[in-house]
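For reference, input-v6.cif is printed below; it contains mmCIF, C-alpha atoms.
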data_data
loop_
_atom_site.group_PDB
_atom_site.id
_atom_site.type_symbol
_atom_site.label_atom_id
_atom_site.label_comp_id
_atom_site.auth_asym_id
_atom_site.auth_seq_id
_atom_site.Cartn_x
_atom_site.Cartn_y
_atom_site.Cartn_z
ATOM 1 C CA ASN Y 1 48.801 -20.935 -19.661
ATOM 2 C CA SER Y 2 52.457 -21.050 -20.741
ATOM 3 C CA ASP Y 3 51.603 -23.755 -23.336
ATOM 4 C CA LYS Y 4 48.902 -21.452 -24.734
ATOM 5 C CA LYS Y 5 51.406 -18.580 -25.043
ATOM 6 C CA ALA Y 6 54.018 -20.715 -26.812
ATOM 7 C CA THR Y 7 51.652 -21.698 -29.635
ATOM 8 C CA THR Y 8 49.888 -18.338 -29.930
ATOM 9 C CA LEU Y 9 50.733 -15.609 -32.423
ATOM 10 C CA GLY Y 10 51.074 -12.029 -31.211
ATOM 11 C CA SER Y 11 51.558 -10.765 -27.693
ATOM 12 C CA GLU Y 12 49.360 -9.947 -24.744
ATOM 13 C CA TYR Y 13 51.462 -6.843 -24.021
ATOM 14 C CA ILE Y 14 51.362 -3.361 -25.549
ATOM 15 C CA GLU Y 15 55.135 -3.295 -24.942
ATOM 16 C CA GLU Y 16 56.782 -6.676 -24.382
ATOM 17 C CA ASP Y 17 59.749 -5.413 -22.350
ATOM 18 C CA PHE Y 18 59.709 -4.409 -18.706
ATOM 19 C CA LYS Y 19 60.183 -0.641 -18.307
ATOM 20 C CA SER Y 20 61.213 1.501 -15.360
ATOM 21 C CA ALA Y 21 58.195 2.916 -13.507
ATOM 22 C CA ARG Y 22 57.214 4.507 -10.215
ATOM 23 C CA VAL Y 23 54.251 3.174 -8.269
ATOM 24 C CA ASN Y 24 51.790 5.394 -6.355
ATOM 25 C CA GLY Y 25 53.997 8.488 -6.693
ATOM 26 C CA GLY Y 26 56.942 6.824 -4.973
ATOM 27 C CA THR Y 27 60.571 7.516 -5.797
ATOM 28 C CA GLN Y 28 61.834 3.946 -6.156
ATOM 29 C CA PRO Y 29 61.726 2.651 -9.743
ATOM 30 C CA PHE Y 30 60.465 -0.859 -10.501
ATOM 31 C CA GLN Y 31 60.630 -2.918 -13.706
ATOM 32 C CA ILE Y 32 56.982 -3.083 -14.822
ATOM 33 C CA ARG Y 33 54.980 -3.944 -17.932
ATOM 34 C CA PHE Y 34 51.262 -3.753 -18.674
ATOM 35 C CA ASN Y 35 49.418 -6.920 -19.667
ATOM 36 C CA ALA Y 36 46.626 -5.576 -21.882
ATOM 37 C CA HIS Y 37 44.989 -8.994 -22.163
ATOM 38 C CA THR Y 38 44.372 -9.472 -18.435
ATOM 39 C CA ASN Y 39 44.557 -5.757 -17.466
ATOM 40 C CA VAL Y 40 47.213 -6.256 -14.795
ATOM 41 C CA MET Y 41 50.621 -4.753 -14.110
ATOM 42 C CA GLU Y 42 53.452 -7.264 -13.938
ATOM 43 C CA TYR Y 43 56.781 -6.542 -12.332
ATOM 44 C CA LYS Y 44 60.110 -8.328 -12.273
ATOM 45 C CA LYS Y 45 61.654 -9.148 -8.917
ATOM 46 C CA ASP Y 46 64.677 -11.434 -8.595
ATOM 47 C CA ASN Y 47 64.115 -12.869 -12.110
ATOM 48 C CA GLU Y 48 60.522 -13.751 -11.222
ATOM 49 C CA ASP Y 49 57.463 -12.180 -12.846
ATOM 50 C CA LEU Y 50 54.886 -11.078 -10.265
ATOM 51 C CA ILE Y 51 51.515 -9.302 -10.527
ATOM 52 C CA LEU Y 52 50.753 -6.088 -8.652
ATOM 53 C CA VAL Y 53 47.581 -6.060 -6.555
ATOM 54 C CA LYS Y 54 45.372 -3.522 -8.344
ATOM 55 C CA ASN Y 55 43.700 -1.910 -5.326
ATOM 56 C CA ASN Y 56 47.054 -1.359 -3.593
ATOM 57 C CA ASN Y 57 48.697 0.104 -6.715
ATOM 58 C CA PRO Y 58 46.301 2.515 -8.447
ATOM 59 C CA LEU Y 59 48.944 4.735 -10.108
ATOM 60 C CA ILE Y 60 51.776 3.527 -12.355
ATOM 61 C CA GLU Y 61 54.005 6.213 -13.923
ATOM 62 C CA PHE Y 62 56.532 4.988 -16.490
ATOM 63 C CA THR Y 63 59.708 7.015 -16.961
ATOM 64 C CA ASN Y 64 58.864 7.367 -20.682
ATOM 65 C CA GLY Y 65 55.908 9.564 -19.648
ATOM 66 C CA LYS Y 66 53.080 7.029 -19.981
ATOM 67 C CA THR Y 67 50.790 6.836 -16.948
ATOM 68 C CA TYR Y 68 48.202 4.225 -16.012
ATOM 69 C CA GLU Y 69 45.526 4.806 -13.383
ATOM 70 C CA LEU Y 70 43.176 2.289 -11.833
ATOM 71 C CA VAL Y 71 39.768 3.739 -12.706
ATOM 72 C CA SER Y 72 36.290 2.586 -11.681
ATOM 73 C CA TYR Y 73 33.660 3.120 -14.370
ATOM 74 C CA THR Y 74 30.383 1.817 -15.726
ATOM 75 C CA ASP Y 75 30.180 0.884 -19.399
ATOM 76 C CA LYS Y 76 27.258 1.685 -21.712
ATOM 77 C CA LYS Y 77 25.587 -1.616 -20.745
ATOM 78 C CA GLY Y 78 25.633 -0.709 -17.042
ATOM 79 C CA LYS Y 79 28.395 -3.164 -16.054
ATOM 80 C CA GLU Y 80 30.945 -1.884 -13.505
ATOM 81 C CA PHE Y 81 34.705 -2.250 -13.987
ATOM 82 C CA ASP Y 82 37.970 -1.444 -12.207
ATOM 83 C CA ASN Y 83 40.637 -1.332 -14.920
ATOM 84 C CA TYR Y 84 43.969 0.277 -15.616
ATOM 85 C CA LEU Y 85 43.422 3.055 -18.132
ATOM 86 C CA SER Y 86 46.159 5.013 -19.872
ATOM 87 C CA LEU Y 87 45.960 8.712 -18.968
ATOM 88 C CA ILE Y 88 45.886 10.816 -22.138
ATOM 89 C CA LYS Y 89 45.406 14.212 -20.488
ATOM 90 C CA ASN Y 90 44.609 15.525 -17.027
ATOM 91 C CA ALA Y 91 43.394 19.069 -17.657
ATOM 92 C CA GLY Y 92 42.221 19.813 -14.115
ATOM 93 C CA LYS Y 93 38.474 19.195 -13.889
ATOM 94 C CA ILE Y 94 38.544 17.050 -17.051
ATOM 95 C CA SER Y 95 40.656 13.935 -17.714
ATOM 96 C CA ILE Y 96 40.756 11.766 -20.827
ATOM 97 C CA TYR Y 97 41.709 8.071 -20.625
ATOM 98 C CA LYS Y 98 42.341 5.276 -23.109
ATOM 99 C CA TYR Y 99 41.447 1.640 -22.440
ATOM 100 C CA GLU Y 100 43.956 -0.553 -24.256
ATOM 101 C CA LYS Y 101 42.807 -4.131 -24.744
ATOM 102 C CA ILE Y 102 44.291 -7.216 -26.371
ATOM 103 C CA THR Y 103 41.918 -10.089 -27.059
ATOM 104 C CA TYR Y 104 42.615 -13.786 -27.472
ATOM 105 C CA GLN Y 105 41.217 -15.581 -30.505
ATOM 106 C CA GLU Y 106 41.091 -19.369 -30.362
ATOM 107 C CA ALA Y 107 42.671 -21.400 -33.146
ATOM 108 C CA ARG Y 108 40.216 -22.262 -35.892
ATOM 109 C CA PRO Y 109 40.716 -25.569 -37.703
ATOM 110 C CA ALA Y 110 40.014 -25.871 -41.403
ATOM 111 C CA GLN Y 111 36.364 -26.745 -42.066
ATOM 112 C CA ASN Y 112 37.187 -28.716 -45.235
ATOM 113 C CA THR Y 113 40.082 -29.294 -47.632
ATOM 114 C CA TYR Y 114 39.450 -26.004 -49.443
ATOM 115 C CA ASP Y 115 39.481 -23.980 -46.233
ATOM 116 C CA THR Y 116 42.559 -22.921 -44.300
ATOM 117 C CA GLY Y 117 42.480 -22.789 -40.542
ATOM 118 C CA SER Y 118 43.958 -20.043 -38.412
ATOM 119 C CA PRO Y 119 46.249 -20.327 -35.392
ATOM 120 C CA ALA Y 120 45.434 -18.949 -31.951
ATOM 121 C CA GLU Y 121 46.309 -15.282 -31.760
ATOM 122 C CA PHE Y 122 46.485 -12.294 -29.437
ATOM 123 C CA LYS Y 123 45.065 -9.278 -31.303
ATOM 124 C CA LYS Y 124 44.921 -5.624 -30.327
ATOM 125 C CA ALA Y 125 41.302 -4.527 -29.997
ATOM 126 C CA SER Y 126 40.108 -1.021 -30.785
ATOM 127 C CA ASP Y 127 40.884 1.418 -27.992
ATOM 128 C CA THR Y 128 37.983 2.783 -25.962
ATOM 129 C CA PHE Y 129 38.237 6.324 -24.645
ATOM 130 C CA PHE Y 130 36.798 7.665 -21.397
ATOM 131 C CA ILE Y 131 36.211 11.119 -19.967
ATOM 132 C CA LYS Y 132 36.310 11.968 -16.280
ATOM 133 C CA ILE Y 133 34.365 15.060 -15.229
ATOM 134 C CA GLY Y 134 34.833 15.632 -11.517
ATOM 135 C CA ASP Y 135 34.518 12.121 -10.066
ATOM 136 C CA VAL Y 136 32.273 10.683 -12.795
ATOM 137 C CA VAL Y 137 33.908 8.507 -15.466
ATOM 138 C CA SER Y 138 32.001 7.614 -18.635
ATOM 139 C CA GLU Y 139 32.734 6.564 -22.185
ATOM 140 C CA LEU Y 140 33.880 9.502 -24.289
ATOM 141 C CA PRO Y 141 30.996 10.757 -26.442
ATOM 142 C CA THR Y 142 31.680 11.279 -30.136
ATOM 143 C CA LYS Y 143 28.727 13.502 -31.010
ATOM 144 C CA GLN Y 144 28.352 17.234 -30.445
ATOM 145 C CA LYS Y 145 24.847 16.825 -28.954
ATOM 146 C CA GLU Y 146 26.191 14.580 -26.193
ATOM 147 C CA TYR Y 147 28.710 17.248 -25.113
ATOM 148 C CA ILE Y 148 25.965 19.868 -25.016
ATOM 149 C CA LYS Y 149 24.142 17.600 -22.516
ATOM 150 C CA LEU Y 150 27.320 17.222 -20.432
ATOM 151 C CA PHE Y 151 27.951 20.989 -20.356
ATOM 152 C CA PRO Y 152 24.572 22.735 -20.200
ATOM 153 C CA GLY Y 153 24.661 26.417 -21.024
ATOM 154 C CA LYS Y 154 27.874 26.067 -23.039
ATOM 155 C CA GLU Y 155 26.130 25.172 -26.304
ATOM 156 C CA ALA Y 156 27.545 28.107 -28.332
ATOM 157 C CA GLN Y 157 31.142 27.437 -27.230
ATOM 158 C CA ILE Y 158 30.885 23.724 -27.988
ATOM 159 C CA LYS Y 159 29.320 24.328 -31.410
ATOM 160 C CA GLU Y 160 32.042 26.871 -32.253
ATOM 161 C CA TYR Y 161 34.805 24.455 -31.180
ATOM 162 C CA PHE Y 162 33.383 21.631 -33.312
ATOM 163 C CA LYS Y 163 32.911 24.040 -36.232
ATOM 164 C CA SER Y 164 36.498 25.316 -36.165
ATOM 165 C CA ASN Y 165 38.239 22.038 -35.196
ATOM 166 C CA LYS Y 166 38.110 18.672 -36.893
ATOM 167 C CA ILE Y 167 38.376 16.176 -34.035
ATOM 168 C CA ASN Y 168 39.518 12.619 -34.511
ATOM 169 C CA PHE Y 169 38.252 10.888 -31.366
ATOM 170 C CA LYS Y 170 40.908 8.187 -31.777
ATOM 171 C CA ASP Y 171 43.883 10.566 -31.975
ATOM 172 C CA ASP Y 172 45.668 11.318 -28.697
ATOM 173 C CA ALA Y 173 46.861 14.782 -29.828
ATOM 174 C CA ASP Y 174 43.318 15.849 -30.774
ATOM 175 C CA LEU Y 175 42.000 14.531 -27.463
ATOM 176 C CA ILE Y 176 44.617 16.481 -25.509
ATOM 177 C CA LYS Y 177 43.512 19.741 -27.192
ATOM 178 C CA PHE Y 178 39.873 18.826 -26.702
ATOM 179 C CA ALA Y 179 40.364 18.092 -22.980
ATOM 180 C CA THR Y 180 42.057 21.473 -22.534
ATOM 181 C CA PHE Y 181 39.096 23.158 -24.251
ATOM 182 C CA LEU Y 182 36.530 21.272 -22.132
ATOM 183 C CA ASN Y 183 38.400 22.188 -18.960
ATOM 184 C CA SER Y 184 38.276 25.854 -19.966
ATOM 185 C CA ILE Y 185 34.458 25.794 -20.221
ATOM 186 C CA ALA Y 186 33.809 23.491 -17.241
#
Once more with this new file: its structure as C-alpha cells, please.
Amino acid sequence: NSDKKATTLGSEYIEEDFKSARVNGGTQPFQIRFNAHTNVMEYKKDNEDLILVKNNNPLIEFTNGKTYELVSYTDKKGKEFDNYLSLIKNAGKISIYKYEKITYQEARPAQNTYDTGSPAEFKKASDTFFIKIGDVVSELPTKQKEYIKLFPGKEAQIKEYFKSNKINFKDDADLIKFATFLNSIA
C-alpha cells in the first residue's frame, strides 16, 4: 500500500494534515484526519498512524467547526452503508450531510506510440448529499416534486420556496438555508 501511495498522484485525504478534534463529544483533543478514499478516521499517537474503529467513534468534531458523523443509509440501488458523512446543517428534525469521496484510478499505459499513458491518481469524486428526516437518511432529492412527496400537505410552501429561491444543491450555504426552511415546515 505504501508503494502505491509513493507512485500515485494526488492524495487520499480532503486535508492532508492531522487536525485537532474531539471524539464522541469528549473534551480531550486528538490529532485526526479523514481518509476520504477508505472512509476512515486516522489519528496520530506516539508518531504512529492508527485507524479509529467506526462503530466505537460515531462523532468526530474538528476544532475548525467541521463535524463528521457515522451514518447508516441505503443508496438509490438499495445497498446499505455505514460511512462518515460531513454534517452540513442540523436544523432539528432535518439534517443535511455531504459524502466526500476520493477514488483511485489505476495507471494507464500508452496504447501505442501516438498515445500517452497516465499515472495512477487519487481524484476527488463528486460529493453526494443526504437528508435525514427523523431517523430516515436518504439521498438528497434535487427536484421539487420529490420534496412534495417527502412533505405531504406542504405543497404550496415548497413551491413558493423554490419559486423565490434559486437553490444550488451542491452549495453548502444554499443547503444550510434550505435545511432551515424544511425544518420550519416539518
Convert the output of the PyMOL selection byres ((chain Y and resi 134) around 12) on the shown file into explicit residues, formatted as a list in words.
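When the PyMOL selection byres ((chain Y and resi 134) around 12) is applied, the selected residues are Asn90, Ala91, Gly92, Lys93, Ile94, Ser95, Ile96, Ile131, Lys132, Ile133, Asp135, Val136, Val137, Ser138, Leu150, Asn183 and Ala186 of chain Y.
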What residues have an atom no more than 10 Å from (45.8, 2.6, -7.6) in the file's own frame, counting only C-alpha atoms, and can you write them as a compact mmCIF listing (two decimals) with C-alpha atoms, in the coordinates of the input?
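Contents of result01.txt, as written:
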# COMPACT_ATOMS: atom_id res chain seq x y z
CA VAL Y 23 54.25 3.17 -8.27
CA ASN Y 24 51.79 5.39 -6.36
CA VAL Y 53 47.58 -6.06 -6.56
CA LYS Y 54 45.37 -3.52 -8.34
CA ASN Y 55 43.70 -1.91 -5.33
CA ASN Y 56 47.05 -1.36 -3.59
CA ASN Y 57 48.70 0.10 -6.72
CA PRO Y 58 46.30 2.52 -8.45
CA LEU Y 59 48.94 4.74 -10.11
CA ILE Y 60 51.78 3.53 -12.36
CA TYR Y 68 48.20 4.22 -16.01
CA GLU Y 69 45.53 4.81 -13.38
CA LEU Y 70 43.18 2.29 -11.83
CA VAL Y 71 39.77 3.74 -12.71
CA ASP Y 82 37.97 -1.44 -12.21
CA ASN Y 83 40.64 -1.33 -14.92
CA TYR Y 84 43.97 0.28 -15.62
If you measure from atom CA of Leu87 of chain Y to atom CA of Leu175 of chain Y, what distance in Å do you get, rounded to one decimal?
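Computing the Euclidean distance for atom CA of Leu87 of chain Y and atom CA of Leu175 of chain Y yields 11.0 Å.
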Rounded to one decimal place, report the atom CA of Gln157 of chain Y-atom CA of Asp171 of chain Y distance in Å.
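Going from atom CA of Gln157 of chain Y over to atom CA of Asp171 of chain Y covers 21.7 Å.
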Between atom CA of Asp46 of chain Y and atom CA of Ala21 of chain Y, measure the distance and give it in Å to one decimal.
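These atoms are spaced 16.5 Å apart.
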Residues near Asp172 of chain Y, cut-off 12 Å, only C-alpha atoms, skip fewer than 6 positions along chain, as a PyMOL selection string
chain Y and resi 86-89+96-98+127-129+178-179
Please provide the set of residues having any atom within 7 Å of Tyr104 of chain Y, restricted to only C-alpha atoms, with same-chain residues fewer than 6 positions apart removed, written as a ChimeraX atom specification.
/Y:121-123
Selected residues, C-alpha atoms, written as a compact mmCIF listing (two decimals), in the frame of the given file, please.
# COMPACT_ATOMS: atom_id res chain seq x y z
CA GLU Y 121 46.31 -15.28 -31.76
CA PHE Y 122 46.48 -12.29 -29.44
CA LYS Y 123 45.06 -9.28 -31.30
Around segment 130-145 of chain Y, fit a box with edges along x, y and z, padding it by 5 Å on each side, then list its centre and edge lengths in Å to one decimal as AutoDock Vina command-line options.
--center_x 30.8 --center_y 11.9 --center_z -20.5 --size_x 22.0 --size_y 20.7 --size_z 30.9
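Distances from Y:Asp115, Y:Ala107, Y:Ala173, Y:Lys166 to Thr7 of chain Y were compared using all atoms listed in the file, and the smallest one belongs to Y:Ala107.
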Selected residue, from Y:Ser118, Y:Lys77, Y:Asn64, Y:Gly26, that lies nearest to Thr8 of chain Y when counting all atoms listed in the file:
Y:Ser118
Nearest-residue call for Leu85 of chain Y, choices Y:Val40, Y:Ile167, Y:Leu9, Y:Ile148, using only C-alpha atoms:
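For Leu85 of chain Y, the nearest of the given residues is Y:Val40.
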Could you list, as a PyMOL selection string, every residue matched by the PyMOL selection byres ((chain Y and resi 29) around 12) in this structure?
chain Y and resi 18-28+30-32+43-45+60-63
Counting all atoms listed in the file, figure out which residue out of Y:Ile102, Y:Ile185, Y:Ala125, Y:Ala36 gets nearest to Gly153 of chain Y.
Y:Ile185
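The shell of residues at most 9 Å from Glu16 of chain Y, with only C-alpha atoms counted and near chain neighbours (fewer than 3 positions) removed, consists of Ser11, Glu12, Tyr13, Arg33, Phe34 and Asn35 of chain Y.
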Taking C-alpha atoms for each residue, export the selection above as a PDB file, in the coordinates of the input.
ATOM      1  CA  SER Y  11      51.558 -10.765 -27.693  1.00  0.00           C
ATOM      2  CA  GLU Y  12      49.360  -9.947 -24.744  1.00  0.00           C
ATOM      3  CA  TYR Y  13      51.462  -6.843 -24.021  1.00  0.00           C
ATOM      4  CA  ARG Y  33      54.980  -3.944 -17.932  1.00  0.00           C
ATOM      5  CA  PHE Y  34      51.262  -3.753 -18.674  1.00  0.00           C
ATOM      6  CA  ASN Y  35      49.418  -6.920 -19.667  1.00  0.00           C
TER       7      ASN Y  35
END
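For the residues Y:Ser72, Y:Asn47, Y:Thr67, Y:Thr38, ranking by smallest atom-to-atom distance to Glu139 of chain Y using all atoms listed in the file places Y:Ser72 first.
Among the candidate residues Y:Leu140, Y:Ile176, Y:Leu182, Y:Ile158, the one lying nearest to Lys76 of chain Y is Y:Leu140, with distances computed using all atoms listed in the file.
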